[in-house]
Each structure stands twice: as C-alpha cells, then as structure tokens.
Amino acid sequence: MNKNPAVIAQIGNTPLIEVTRLDTGLCQLFLKLESQNPGGSIKDRVGLAMIEAAERDGRLQPGGTVIEATAGNTGLGLALVARAKGYRVVLVVPDKMSTEKVLQLKALGAEVYLTRSDVGKGHPEYYQDYAARLCKEIPGSFYTDQFNNPANMMAHYSSTAPEIWAQTGHQLDAIVCGVGSGGTIGGLTRFFREMNIPVEFVLADPKGSILTEYVEHGTVNDCSGSWAVEGIGEDFIPSIADFSMCKKAYSIDDEESFRTARELLSAEGILAGSSTGTLLASALRYCREQTTPKRVVSFVCDTGTRYLSKVYNDNWMIDQGLLKRESFGDLRDIIGRRYADGGVVSVAPTDNLMTTFNRMRGAEISQMPVILDGRIVGIIDESDILMKITGNRSEFQQTVEHTMTTRIETLAPNTSLETLRDILNRGLTAIIADQDKFYGLITRFDLLNHLRRTLP
C-alpha cells in the first residue's frame with residue numbers, strides 16, 4: 001500500500017478570511033478555516049503528526065493498531081491518516097458526541113467504543129482511562145495519547161503558527177483559541193515566544209470547564225461542570241498546554257456558543273461546529289472591548305456538517321433548552337414537537353400506506369397523527385399497517401382513512417399534570433388538542449425531558 005497517500009498532502013495551509021458582517025468593534029477579526037482540511041478539522045494536523053512521529057521512532061510498526069481517546073475530531077484525523085497507511089484504528093469516544101462524527105469514524109474504518117461522558121479521570125469508564133486499558137490488551141498497539149503527546153503540540157508549532165504569521169503579513173495582535181488537549185495553544189505559544197512576537201492569547205472556554213479559573217486566578221478547581229459543546233474545555237490541566245502568554249479568558253455558556261455558530265452561518269456563510277461558536281463568541285467579546293484597533297485571529301475548528309443533528313437541528317436545540325420558544329404555562333410547554341411549528345410528522349386521511357410507512361421510516365417513529373384541516377382525526381401506527389399488508393405489495397396503496405384508529409382520547413392544553421401522567425402510565429401517547437385545533441403529542445420522553453429542564 002502507498003505509504004504517502006495523496007490526501008495527506010492536503011492537510012494544512014488552510015485559508016485565513018476576514019469576518020466582515022459581524023460587529024468586531026475597532027478590530028479586524030480573521031478566521032482560519034481548519035474545516036477545509038480533508039478530514040474537516042484542525043485535528044487532521046495532529047493525527048498526521050502523531051502517527052508520523054510514532055513511525056519514525058518505531059512505536060508504530062506495519063500492521064499495528066492505533067488507539068486514541070477522542071471527542072471525535074482527533075479520531076477522524078487519525079482514522080483518515082492511519083487507515084490510508086494501512087493501520088487498524090480503535091477509538092474510545094464519549095457518548096455525547098454527535099451521530100455524524102461516530103458514523104464518519106465508522107465509515108473511515110475505525111472501530112468505535114462509546115463510553116460515558118459524565119465521569120472524570122480515574123473512573124474505569126472515563127474515555128482516556130478506557131483507551132489506555134485497551135492499549136494494554138491489544139498486541140502491537142500504539143496509544144497516541146493526544147493529551148500528553150508532544151507531537152500534538154509540534155503539529156501547531158511547525159505548521160499552524162507559521163501559516164498564521166505569514167497569512168497576517170506579520171501583523172498580528174491576538175489569537176483566540178480553545179483548549180481541549182492543549183496542543184494548539186501549546187504549539188502556538190512556543191512559536192510566538194521563540195520568535196519574540198508579543199501576541200496576546202485569549203482563552204475561549206465552555207462554561208463548566210476549569211480552565212478559565214486557572215487562567216484568571218492560577219487555581220485549579222477540583223469540581224467541573226458539564227457542557228454540550230464538543231472538543232474543548234477540560235476538568236484538568238493538559239500537560240502539553242502552555243498558558244504563559246494567555247492573560248484573558250472568556251467563559252461561554254452553551255446557549256451563546258450554539259447561537260453564535262448559527263450566526264456565523266447566517267452572516268458569513270460558514271458552516272462550523274459548536275466549539276467554533278465558543279471561539280467566535282469569545283473573539284467578538286474581546287474585539288468589542290478593545291479601545292484601539294487590533295488584528296485578531298481565531299479558528300473555525302471543524303465543519304458544521306457533523307453537527308447537523310445538533311447545532312443546526314431546532315428540535316434538538318429545543319430539547320436541550322438552547323433555543324427558546326413561546327411559553328404557554330400549560331401542557332403545550334411539554335410537547336416536544338409542536339404541530340404549529342412544523343415539528344410533527346403526520347399524514348392525511350387520503351395518503352396511502354406506502355407514504356405513511358416511508359414517513360415513519362424516515363423519521364424513525366412508529367406512529368403518526370392523521371391530520372385534516374388542522375384537526376386530529378386519527379392515529380396510525382406500524383401495527384395498523386401490518387394488519388393491512390397480508391401478502392400483496394399493492395396493499396400499500398390503501399388509504400390511511402381505512403386503516404387508522406379513530407377512537408382517540410385527547411387532552412385539552414389546560415389538563416393537569418396528574419392526568420397526563422395517568423395517560424402515559426397506561427402506555428399511551430398523550431394527544432393534546434381541543435375541538436378546533438391539534439397542538440401535538442406528548443410521550444414519556446417529552447415529560448422526562450421537561451422535568452429535567454424545569455425541576456430545581
């Protein structure tokens with residue numbers, strides 16, 4: 001197999017573009033489009049550097065196995081490079097990672113182990129400890145250990161940093177970056193310190209991470225929070241991170257991060273991931289606070305195509321409490337998918353069973369409301385369809401009105417929570433409607449999600 005596949009040569013030398021349609025105050029803000037790497041993220045640089053360093057010093061032999069604990073992007077970079085070079089790839093991924101990332105990892109040929117994202121270092125299910133354990137169990141394996149691997153930092157020292165310096169025409173005042181493994185800030189800091197260039201580093205940190213407190217006060221909090229942003233923020237200080245030139249930090253909550261990522265797409269046409277939202281929100285705050293013009297660089301860490309089911313999915317955002325919608329103070333607030341918002345997958349009485357089945361399959365649901373003129377007139381589920389299909393494909397052409405269940409029990413929006421619980425405890429889905437209008441369905445998951453977000 002070719003040891004130097006052509007795709008590897010396309011890693012790095014990513015574009016640097018100016019933000020022109022967002023308020024940057026007196027400053028010029030530039031974004032380095034790491035999403036343009038062949039694997040779609042800044043971690044392609046890291047994957048290439050760590051594998052080639054291990055090949056040079058003999059830690060990775062032909063036919064060997066590459067193992068890593070990753071939030072997704074390092075795994076994608078490693079899978080891209082290692083699979084192209086003929087290695088087996090085993091990755092341990094926290095279960096909060098987007099479906100798109102996991103599917104892409106598997107498509108590249110990686111073996112993916114999902115583990116808990118709600119536990120810390122020292123727990124056997126913590127993703128780094130899990131990966132280290134697998135490395136001991138699998139013969140001929142190499143644990144890349146991005147959090148402690150100096151090749152991670154050197155990837156940015158030798159490529160990312162000099163590219164930025166050249167692309168800015170040697171006119172640069174500040175860099176805004178996040179910290180996951182610490183390689184980016186470690187490599188950039190080393191480069192600019194050795195070049196004796198007084199660049200100010202600004203930390204963009206998810207709310208809940210301990211790194212902001214470390215930068216601002218020099219203390220390490222033993223208790224971290226949780227956050228939905230992927231790939232940055234930590235509950236420990238990565239060994240390869242270097243905060244010596246970082247004097248400013250911003251703690252950005254999930255709602256602002258996700259909203260800012262969406263604003264970047266609508267304003268600048270750049271589809272980016274959740275961590276880019278954190279970086280951009282921090283960069284915009286920094287720029288707007290300046291009283292003199294500065295030239296500032298930040299990153300589009302990865303492409304947003306792997307977050308379509310999260311950042312750019314209104315339903316997911318609503319479920320997480322990250323996207324506000326109208327509140328009514330009744331059962332309509334518990335409905336996960338409101339009919340008026342276009343969130344309900346439904347059929348009409350005159351639709352055929354093939355249409356119904358295709359919609360169920362596409363939405364991964366087993367039942368649907370039947371709607372006529374904005375009112376619910378029935379419910380149809382997979383068992384109703386199955387009873388009608390006895391042995392002839394043409395039976396799929398039968399209409400919904402002859403198959404659906406019309407004896408339905410509805411709840412008015414002002415019905416009590418106790419009555420709702422009674423319906424759900426009977427194994428039914430609650431139908432919220434009045435005489436003239438259908439509002440939506442409430443499942444047990446919807447109620448649990450509502451309680452998760454509202455209980456003290």
# chains A, B, ... in the order shown; residues from 1 in each chain; ligands from 1
call {"tool": "closest_atom_pairs", "arguments": {"of": "segment 298-410 of chain A", "to": "segment 445-455 of chain A", "cutoff": "12 Å", "atoms": "only C-alpha atoms", "output": "JSON lines"}}
result
{"residue": "A:Asn315", "atom": "CA", "partner": "A:Asp446", "partner_atom": "CA", "distance": 11.7}
{"residue": "A:Trp316", "atom": "CA", "partner": "A:Asn449", "partner_atom": "CA", "distance": 11.3}
{"residue": "A:Ile318", "atom": "CA", "partner": "A:Asn449", "partner_atom": "CA", "distance": 10.3}
{"residue": "A:Asp319", "atom": "CA", "partner": "A:Asn449", "partner_atom": "CA", "distance": 6.9}
{"residue": "A:Gln320", "atom": "CA", "partner": "A:Arg453", "partner_atom": "CA", "distance": 7.8}
{"residue": "A:Gly321", "atom": "CA", "partner": "A:Arg453", "partner_atom": "CA", "distance": 7.0}
{"residue": "A:Leu322", "atom": "CA", "partner": "A:Arg453", "partner_atom": "CA", "distance": 10.6}
{"residue": "A:Asp330", "atom": "CA", "partner": "A:His450", "partner_atom": "CA", "distance": 11.9}
{"residue": "A:Leu331", "atom": "CA", "partner": "A:Leu447", "partner_atom": "CA", "distance": 9.7}
{"residue": "A:Arg332", "atom": "CA", "partner": "A:Asp446", "partner_atom": "CA", "distance": 10.9}
{"residue": "A:Asp333", "atom": "CA", "partner": "A:His450", "partner_atom": "CA", "distance": 8.1}
{"residue": "A:Ile334", "atom": "CA", "partner": "A:His450", "partner_atom": "CA", "distance": 5.8}
{"residue": "A:Ile335", "atom": "CA", "partner": "A:Asp446", "partner_atom": "CA", "distance": 6.4}
{"residue": "A:Gly336", "atom": "CA", "partner": "A:Asp446", "partner_atom": "CA", "distance": 5.5}
{"residue": "A:Arg337", "atom": "CA", "partner": "A:Asp446", "partner_atom": "CA", "distance": 9.0}
{"residue": "A:Arg338", "atom": "CA", "partner": "A:Asp446", "partner_atom": "CA", "distance": 11.5}
call {"tool": "write_last_selection", "arguments": {"atoms": "C-alpha atoms", "output": "PDB file, in the first residue's frame"}}
result
ATOM      1  CA  ASN A 315     -35.805  20.187  17.691  1.00  0.00           C
ATOM      2  CA  TRP A 316     -32.593  19.070  19.396  1.00  0.00           C
ATOM      3  CA  ILE A 318     -35.302  22.986  21.978  1.00  0.00           C
ATOM      4  CA  ASP A 319     -34.967  19.645  23.772  1.00  0.00           C
ATOM      5  CA  GLN A 320     -31.698  20.845  25.310  1.00  0.00           C
ATOM      6  CA  GLY A 321     -33.168  24.196  26.330  1.00  0.00           C
ATOM      7  CA  LEU A 322     -30.760  26.008  23.992  1.00  0.00           C
ATOM      8  CA  ASP A 330     -49.825  24.517  30.216  1.00  0.00           C
ATOM      9  CA  LEU A 331     -49.305  21.125  28.574  1.00  0.00           C
ATOM     10  CA  ARG A 332     -48.234  22.770  25.331  1.00  0.00           C
ATOM     11  CA  ASP A 333     -44.919  23.571  27.013  1.00  0.00           C
ATOM     12  CA  ILE A 334     -44.244  19.833  27.410  1.00  0.00           C
ATOM     13  CA  ILE A 335     -44.905  18.949  23.766  1.00  0.00           C
ATOM     14  CA  GLY A 336     -41.550  18.088  22.217  1.00  0.00           C
ATOM     15  CA  ARG A 337     -42.640  18.685  18.615  1.00  0.00           C
ATOM     16  CA  ARG A 338     -45.368  21.282  18.178  1.00  0.00           C
TER      17      ARG A 338
END
call {"tool": "residues_around", "arguments": {"residues": "segment 390-405 of chain A", "least_positions_apart": "2", "cutoff": "10 Å", "atoms": "only C-alpha atoms", "output": "list in words"}}
result
Val347, Ala348, Pro349, Thr350, Asp351, Asn352, Leu353, Met354, Thr355, Thr356, Phe357, Met368, Pro369, Val370, Val377, Gly378, Ile379, Ile380, Asp381, Asp384, Ile385, Leu386, Met387, Lys388, Arg407 and Ile408 of chain A
call {"tool": "closest_residue", "arguments": {"among": "A:Ile365, A:Ala79, A:Leu33, A:Ala131", "to": "Ala107 of chain A", "atoms": "only C-alpha atoms"}}
result
A:Ala79
call {"tool": "atom_distance", "arguments": {"atom1": "atom CA of Arg190 of chain A", "atom2": "atom CA of Tyr250 of chain A"}}
result
21.9 Å
call {"tool": "residues_around", "arguments": {"residues": "segment 112-118 of chain A", "least_positions_apart": "2", "cutoff": "8 Å", "atoms": "only C-alpha atoms", "output": "PyMOL selection string"}}
result
chain A and resi 90-96+102+105-106+110+120+125-127+226
call {"tool": "closest_residue", "arguments": {"among": "A:Ser224, A:Ser274, A:Thr305, A:Gln290", "to": "Gly40 of chain A", "atoms": "only C-alpha atoms"}}
result
A:Thr305
call {"tool": "select_by_dssp", "arguments": {"residues": "segment 190-315 of chain A", "states": "helix (DSSP H, G or I)", "output": "count of residues only"}}
result
49
call {"tool": "residues_around", "arguments": {"residues": "Leu308 of chain A", "least_positions_apart": "4", "cutoff": "12 Å", "atoms": "only C-alpha atoms", "output": "list in words"}}
result
Ser98, Thr99, Glu100, Lys101, Phe258, Ala261, Arg262, Leu271, Ala272, Gly273, Ser274, Thr303, Gly304, Tyr312, Asn313, Asp314, Asn315, Trp316 and Met317 of chain A
call {"tool": "residues_around", "arguments": {"residues": "Glu234 of chain A", "least_positions_apart": "6", "cutoff": "7 Å", "atoms": "only C-alpha atoms", "output": "list in words"}}
result
Gly180, Ser209, Ile210 and Leu211 of chain A
call {"tool": "atom_distance", "arguments": {"atom1": "atom CA of Gln10 of chain A", "atom2": "atom CA of Asn37 of chain A"}}
result
6.9 Å
call {"tool": "closest_residue", "arguments": {"among": "A:Val344, A:Tyr286, A:Gly329, A:Arg375", "to": "Pro413 of chain A", "atoms": "only C-alpha atoms"}}
result
A:Gly329
call {"tool": "closest_residue", "arguments": {"among": "A:Glu418, A:Glu34, A:Asp205, A:Glu68", "to": "Phe142 of chain A", "atoms": "only C-alpha atoms"}}
result
A:Glu68
call {"tool": "atom_distance", "arguments": {"atom1": "atom CA of Leu279 of chain A", "atom2": "atom CA of Phe299 of chain A"}}
result
7.1 Å
